[in-house]
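Source file: run_25.txt (compact mmCIF, C-alpha atoms)
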```
# COMPACT_ATOMS: atom_id res chain seq x y z
CA MET U 5 12.69 37.48 86.80
CA LEU U 6 15.04 37.56 83.86
CA LYS U 7 17.50 35.30 85.67
CA LYS U 8 14.81 32.74 86.43
CA THR U 9 13.77 32.68 82.80
CA PHE U 10 17.36 32.18 81.69
CA ILE U 11 17.86 29.33 84.16
CA LEU U 12 14.68 27.64 82.94
CA PHE U 13 15.88 27.95 79.36
CA LEU U 14 19.18 26.28 80.23
CA LEU U 15 17.38 23.44 81.94
CA LEU U 16 15.19 22.77 78.91
CA PHE U 17 18.13 23.00 76.50
CA PHE U 18 20.26 20.48 78.34
CA SER U 19 17.37 18.15 78.95
CA PHE U 20 16.70 17.83 75.19
CA SER U 21 20.30 17.83 74.04
CA SER U 22 21.64 15.36 76.55
CA GLY U 23 19.73 12.32 75.18
CA LYS U 24 17.92 9.57 76.96
CA ASP U 25 21.06 7.89 78.23
CA SER U 26 22.25 10.98 80.21
CA THR U 27 21.07 12.45 83.47
CA ILE U 28 21.16 16.22 84.15
CA VAL U 29 22.16 17.27 87.68
CA ILE U 30 21.65 20.95 88.56
CA LYS U 31 23.37 22.48 91.57
CA LYS U 32 22.72 25.93 92.93
CA GLU U 33 25.47 27.64 94.89
CA ALA U 34 25.75 31.13 96.33
CA LYS U 35 29.04 32.91 96.15
CA ASN U 36 29.39 36.51 97.23
CA ASP U 37 25.72 37.19 96.81
CA THR U 38 25.91 35.69 93.32
CA ILE U 39 23.89 32.67 92.38
CA VAL U 40 25.97 30.14 90.45
CA ILE U 41 24.20 27.39 88.58
CA LYS U 42 26.24 24.23 87.93
CA ILE U 43 24.94 21.76 85.50
CA GLU U 44 26.53 18.31 85.57
CA GLN U 45 25.78 15.49 83.18
CA SER U 46 26.29 12.14 84.73
CA LYS U 47 27.61 9.37 82.53
CA ILE U 48 25.74 6.18 82.43
CA ALA U 49 27.98 3.25 81.83
CA GLU U 50 26.95 1.48 78.72
CA ILE U 51 26.16 -2.08 79.48
CA ILE U 52 27.49 -4.29 76.74
CA LYS U 53 25.65 -7.56 76.59
CA PRO U 54 27.73 -10.63 75.71
CA ILE U 55 27.08 -11.87 72.17
CA GLU U 56 24.96 -14.99 72.25
CA LYS U 57 26.01 -17.94 70.09
CA TYR U 58 24.03 -20.93 68.85
CA ALA U 59 25.95 -24.08 67.94
CA GLY U 60 29.10 -21.99 67.74
CA PHE U 61 27.68 -19.26 65.50
CA THR U 62 26.16 -15.90 66.24
CA LEU U 63 22.65 -14.96 65.21
CA GLU U 64 24.00 -12.72 62.46
CA GLU U 65 26.13 -15.56 61.13
CA TRP U 66 23.11 -17.86 61.13
CA LYS U 67 21.18 -15.24 59.18
CA THR U 68 23.99 -15.09 56.62
CA PHE U 69 24.04 -18.86 56.35
CA ALA U 70 20.27 -18.91 55.85
CA VAL U 71 20.46 -16.38 53.02
CA ILE U 72 23.10 -18.48 51.25
CA PHE U 73 22.17 -22.08 51.98
CA ILE U 74 18.36 -22.11 51.98
CA PRO U 75 18.15 -21.22 48.25
CA LEU U 76 20.84 -23.82 47.55
CA PHE U 77 18.89 -26.45 49.49
CA VAL U 78 15.69 -25.60 47.63
CA LEU U 79 17.59 -25.81 44.34
CA PHE U 80 19.04 -29.18 45.35
CA ILE U 81 15.61 -30.60 46.19
CA THR U 82 14.17 -29.24 42.94
CA ASN U 83 16.97 -30.80 40.90
CA LEU U 84 16.60 -34.07 42.80
CA VAL U 85 12.90 -34.23 41.95
CA THR U 86 13.64 -33.31 38.33
CA LEU U 87 16.33 -35.99 38.05
CA GLY U 88 13.95 -38.56 39.51
CA LYS U 89 11.31 -37.63 36.95
CA ILE U 90 13.84 -37.77 34.11
CA ARG U 91 15.06 -41.18 35.32
CA LYS U 92 11.52 -42.53 35.39
CA GLU U 93 10.74 -41.14 31.95
CA THR U 94 14.02 -42.55 30.60
CA LYS U 95 13.22 -46.02 31.95
CA GLU U 96 9.75 -45.88 30.43
CA SER U 97 11.20 -44.68 27.13
CA ILE U 98 13.78 -47.48 27.07
CA ARG U 99 11.13 -50.04 27.91
CA LYS U 100 8.91 -48.69 25.15
CA GLU U 101 11.76 -48.84 22.63
CA LEU U 102 12.57 -52.42 23.65
CA ILE U 103 8.95 -53.47 23.18
CA ILE U 104 8.75 -51.74 19.80
CA THR U 105 12.03 -53.36 18.71
CA LEU U 106 10.86 -56.79 19.87
CA ILE U 107 7.59 -56.52 17.95
CA LYS U 108 9.43 -55.19 14.91
CA ASN U 109 11.86 -58.12 14.93
CA LYS U 110 9.09 -60.68 15.21
CA LYS U 111 7.13 -59.08 12.39
CA GLU U 112 10.30 -59.13 10.33
CA GLN U 113 10.55 -62.87 10.97
CA LEU U 114 7.11 -63.28 9.47
CA GLU U 115 7.48 -60.89 6.55
CA LYS U 116 10.96 -61.89 5.38
CA TYR U 117 11.16 -65.55 6.32
CA TYR U 118 8.16 -67.59 7.39
CA ASP U 119 5.40 -65.99 5.30
CA PRO U 120 7.17 -66.21 1.92
CA ILE U 121 8.51 -69.72 2.58
CA ILE U 122 5.06 -70.96 3.54
CA ALA U 123 3.57 -69.29 0.46
CA TYR U 124 6.03 -70.93 -1.95
CA LEU U 125 5.82 -74.32 -0.22
CA SER U 126 2.02 -74.22 -0.30
CA ILE U 127 2.00 -73.38 -4.01
CA ASN U 128 4.45 -76.18 -4.78
CA GLU U 129 2.50 -78.67 -2.74
CA SER U 130 -0.73 -77.68 -4.46
CA ILE U 131 0.87 -77.94 -7.92
CA PHE U 132 2.46 -81.28 -7.10
CA ASN U 133 -0.79 -82.76 -5.77
CA SER U 134 -2.82 -81.44 -8.70
CA PHE U 135 -0.42 -82.05 -11.59
CA GLY U 136 2.28 -84.39 -10.24
CA PRO U 137 2.79 -88.07 -11.13
CA LYS U 138 0.26 -89.21 -8.54
CA SER U 139 -2.46 -87.32 -10.40
CA PHE U 140 -1.78 -88.95 -13.81
CA PRO U 141 -4.72 -90.84 -15.28
CA SER U 142 -4.32 -94.53 -16.04
CA GLU U 143 -5.05 -94.23 -19.76
CA ASP U 144 -1.86 -93.92 -21.78
CA ILE U 145 -2.93 -91.03 -23.99
CA LYS U 146 -4.25 -88.96 -21.11
CA LYS U 147 -1.29 -89.97 -19.01
CA GLU U 148 1.13 -88.66 -21.61
CA VAL U 149 -0.73 -85.35 -21.84
CA ALA U 150 -0.75 -85.05 -18.05
CA ALA U 151 2.97 -85.86 -17.91
CA ASN U 152 3.82 -83.16 -20.43
CA LEU U 153 1.73 -80.66 -18.48
CA TRP U 154 3.48 -81.68 -15.29
CA LEU U 155 6.92 -81.26 -16.82
CA GLY U 156 6.03 -77.74 -17.86
CA MET U 157 4.61 -76.89 -14.43
CA ARG U 158 7.64 -78.42 -12.75
CA GLU U 159 10.08 -76.27 -14.73
CA SER U 160 8.16 -73.01 -14.56
CA ILE U 161 6.76 -73.19 -11.03
CA ILE U 162 8.24 -75.89 -8.78
CA VAL U 163 11.90 -75.31 -9.61
CA GLN U 164 11.51 -71.53 -9.61
CA ASN U 165 9.78 -71.53 -6.23
CA ASN U 166 12.41 -73.87 -4.81
CA SER U 167 15.13 -71.44 -5.89
CA LYS U 168 13.30 -68.58 -4.19
CA ILE U 169 12.98 -70.59 -0.98
CA ASP U 170 16.69 -71.44 -1.13
CA GLU U 171 17.56 -67.76 -1.42
CA ILE U 172 15.32 -66.81 1.52
CA ILE U 173 16.93 -69.46 3.72
CA LYS U 174 20.43 -68.36 2.75
CA SER U 175 19.72 -64.64 3.16
CA HIS U 176 17.47 -64.61 6.22
CA SER U 177 18.35 -67.67 8.27
CA HIS U 178 19.15 -65.28 11.16
CA LEU U 179 15.40 -64.71 11.44
CA ILE U 180 14.66 -68.34 12.28
CA SER U 181 12.73 -68.72 15.52
CA SER U 182 14.60 -70.05 18.54
CA ASN U 183 12.07 -72.91 18.63
CA ASP U 184 12.78 -73.85 15.03
CA ASP U 185 15.23 -76.37 13.56
CA LEU U 186 17.66 -75.04 10.97
CA ASN U 187 18.44 -78.55 9.72
CA ILE U 188 14.98 -78.82 8.17
CA TYR U 189 15.74 -75.85 5.92
CA LEU U 190 19.26 -77.06 5.12
CA ASN U 191 17.81 -80.41 4.07
CA PHE U 192 15.39 -78.55 1.82
CA ILE U 193 18.27 -76.74 0.10
CA LYS U 194 20.01 -80.08 -0.48
CA HIS U 195 16.83 -81.56 -1.95
CA SER U 196 16.14 -78.49 -4.09
CA THR U 197 19.67 -78.44 -5.52
CA SER U 198 19.62 -82.17 -6.20
CA TYR U 199 16.16 -81.97 -7.77
CA GLU U 200 17.24 -79.25 -10.19
CA HIS U 201 20.15 -81.42 -11.36
CA PHE U 202 17.95 -84.51 -11.45
CA ILE U 203 15.59 -82.83 -13.91
CA LYS U 204 18.45 -82.17 -16.30
CA ASN U 205 20.38 -85.37 -15.63
CA PRO U 206 18.27 -88.05 -13.92
CA SER U 207 20.23 -90.01 -11.34
CA GLU U 208 19.42 -92.51 -8.62
CA ARG U 209 21.51 -90.49 -6.20
CA HIS U 210 18.75 -87.93 -6.01
CA SER U 211 16.98 -90.33 -3.64
CA GLU U 212 19.68 -89.57 -1.06
CA PHE U 213 18.26 -86.06 -0.66
CA PRO U 214 14.55 -86.53 0.00
CA TYR U 215 12.10 -83.71 0.35
CA PRO U 216 11.71 -82.82 4.08
CA ALA U 217 8.08 -83.82 4.46
CA THR U 218 7.55 -81.90 7.72
CA ILE U 219 8.88 -78.56 6.49
CA LEU U 220 5.52 -76.96 5.68
CA GLU U 221 3.89 -78.11 8.91
CA SER U 222 6.90 -77.08 11.00
CA THR U 223 7.16 -73.68 9.34
CA SER U 224 3.43 -73.06 9.80
CA THR U 225 3.68 -73.98 13.49
CA ARG U 226 6.56 -71.57 14.05
CA ARG U 227 4.64 -68.84 12.23
CA ALA U 228 1.60 -69.35 14.47
CA GLU U 229 3.81 -69.16 17.56
CA ILE U 230 5.33 -65.86 16.47
CA ILE U 231 1.89 -64.37 15.75
CA SER U 232 0.75 -65.47 19.21
CA GLU U 233 3.82 -63.85 20.79
CA ILE U 234 3.16 -60.57 18.99
CA GLU U 235 -0.47 -60.55 20.10
CA SER U 236 0.56 -61.29 23.69
CA ILE U 237 3.06 -58.41 23.72
CA GLU U 238 0.55 -55.99 22.20
CA ASN U 239 -2.11 -57.01 24.73
CA ASN U 240 0.33 -56.44 27.60
CA VAL U 241 1.16 -52.99 26.23
CA LYS U 242 -2.54 -52.13 26.00
CA THR U 243 -3.05 -53.29 29.59
CA ILE U 244 -0.17 -51.12 30.82
CA LEU U 245 -1.49 -48.08 28.93
CA ASN U 246 -4.98 -48.58 30.35
CA GLU U 247 -3.55 -48.81 33.88
CA LEU U 248 -1.65 -45.57 33.36
CA LYS U 249 -4.80 -43.80 32.16
CA SER U 250 -6.89 -44.96 35.14
```

Taking this structure as input, can you express it in the form of structure tokens?
Amino acid sequence: MLKKTFILFLLLFFSFSSGKDSTIVIKKEAKNDTIVIKIEQSKIAEIIKPIEKYAGFTLEEWKTFAVIFIPLFVLFITNLVTLGKIRKETKESIRKELIITLIKNKKEQLEKYYDPIIAYLSINESIFNSFGPKSFPSEDIKKEVAANLWLGMRESIIVQNNSKIDEIIKSHSHLISSNDDLNIYLNFIKHSTSYEHFIKNPSERHSEFPYPATILESTSTRRAEIISEIESIENNVKTILNELKS
């Protein structure tokens, strides 16, 4: 009984210790009335499967590549989208700056050139029509009074305004509209200079430098064109902004 128990114990021990990949073979032999138990553990040949490859790389290598390159790819796409957004915003910013600069330049044309010239020309024209030789009465006494008044107005207003117009033309001729004619303003400077000398020293040569009769009308026309251009640009900007909001 004790022997049977011992044999059973050996069987259990080897069955647990051998592992799942081993097989226990028990042989019972009798020698000289003695029972001999032989326990043999057969070896199971380990079957090594060939490593599978995909496109020349093993699965483990593909996993390594995925860990490295997928984040890089995501980063690349993110940066690409960001760069596209920056490029769009930059183009819009440049366009906005160009529009602002264009409007600013046109307003500068009005403020520094056309508006003051028109103002001084209009004042001179009004003074000349109201107090100039053509307005003198026919009676000698009244005519003399009117002439003296005109001479004072001519010195204090006409000549002074002409000098201011000359300075504007000389200083800001770069602001002349592309549709305008610079010669009109150059002819005015010639007339203004000659007129100032004529007042001090009357000479028939002054007639060689006549007042450019179309200067006020031409300047007013150019001014109206610039105002129209500014309004057109501003309306286009408003339209674009409204489209972006909708």

Exercise for the section: Find, counting all atoms listed in the file, the residue in U:Thr197, U:Thr105, U:Ser175, U:Asn187 that gets nearest to Ile234 of chain U. Expected result: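 With all atoms listed in the file as the atom set, the closest residue is U:Thr105.
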
Exercise for the section: Find the spatial neighbours of segment 209-226 of chain U, counting all atoms listed in the file, within a cut-off of 12 Å - ignore same-chain residues fewer than 4 positions away - and output them as a VMD selection string. Expected result: chain U and resid 110 113 to 114 117 to 130 166 169 179 to 205 230 to 233

Handout entry: Gap from atom CA of Lys100 of chain U to atom CA of Thr86 of chain U - Å, one decimal
Key =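 Atom CA of Thr86 of chain U lies at a distance of 20.8 Å from atom CA of Lys100 of chain U.
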
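For the pair atom CA of Ile90 of chain U and atom CA of Ile107 of chain U, the separation is 25.5 Å.
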
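Taking atom CA of His178 of chain U and atom CA of Ser236 of chain U as the two end points, the separation is 22.8 Å.
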
Is it possible to get the axis-aligned box enclosing segment 204-218 of chain U (all listed atoms, 5 Å extra per side) as JSON, with centre and edge lengths in Å rounded to one decimal?
```
{"center_x": 14.5, "center_y": -87.2, "center_z": -4.3, "size_x": 24.0, "size_y": 20.6, "size_z": 34.0}
```

Exercise for the section: Measuring atom to atom with all atoms listed in the file, identify which of U:Lys116, U:Ile237, U:Phe132, U:Ser177 is nearest to Leu102 of chain U. Expected result: U:Ile237
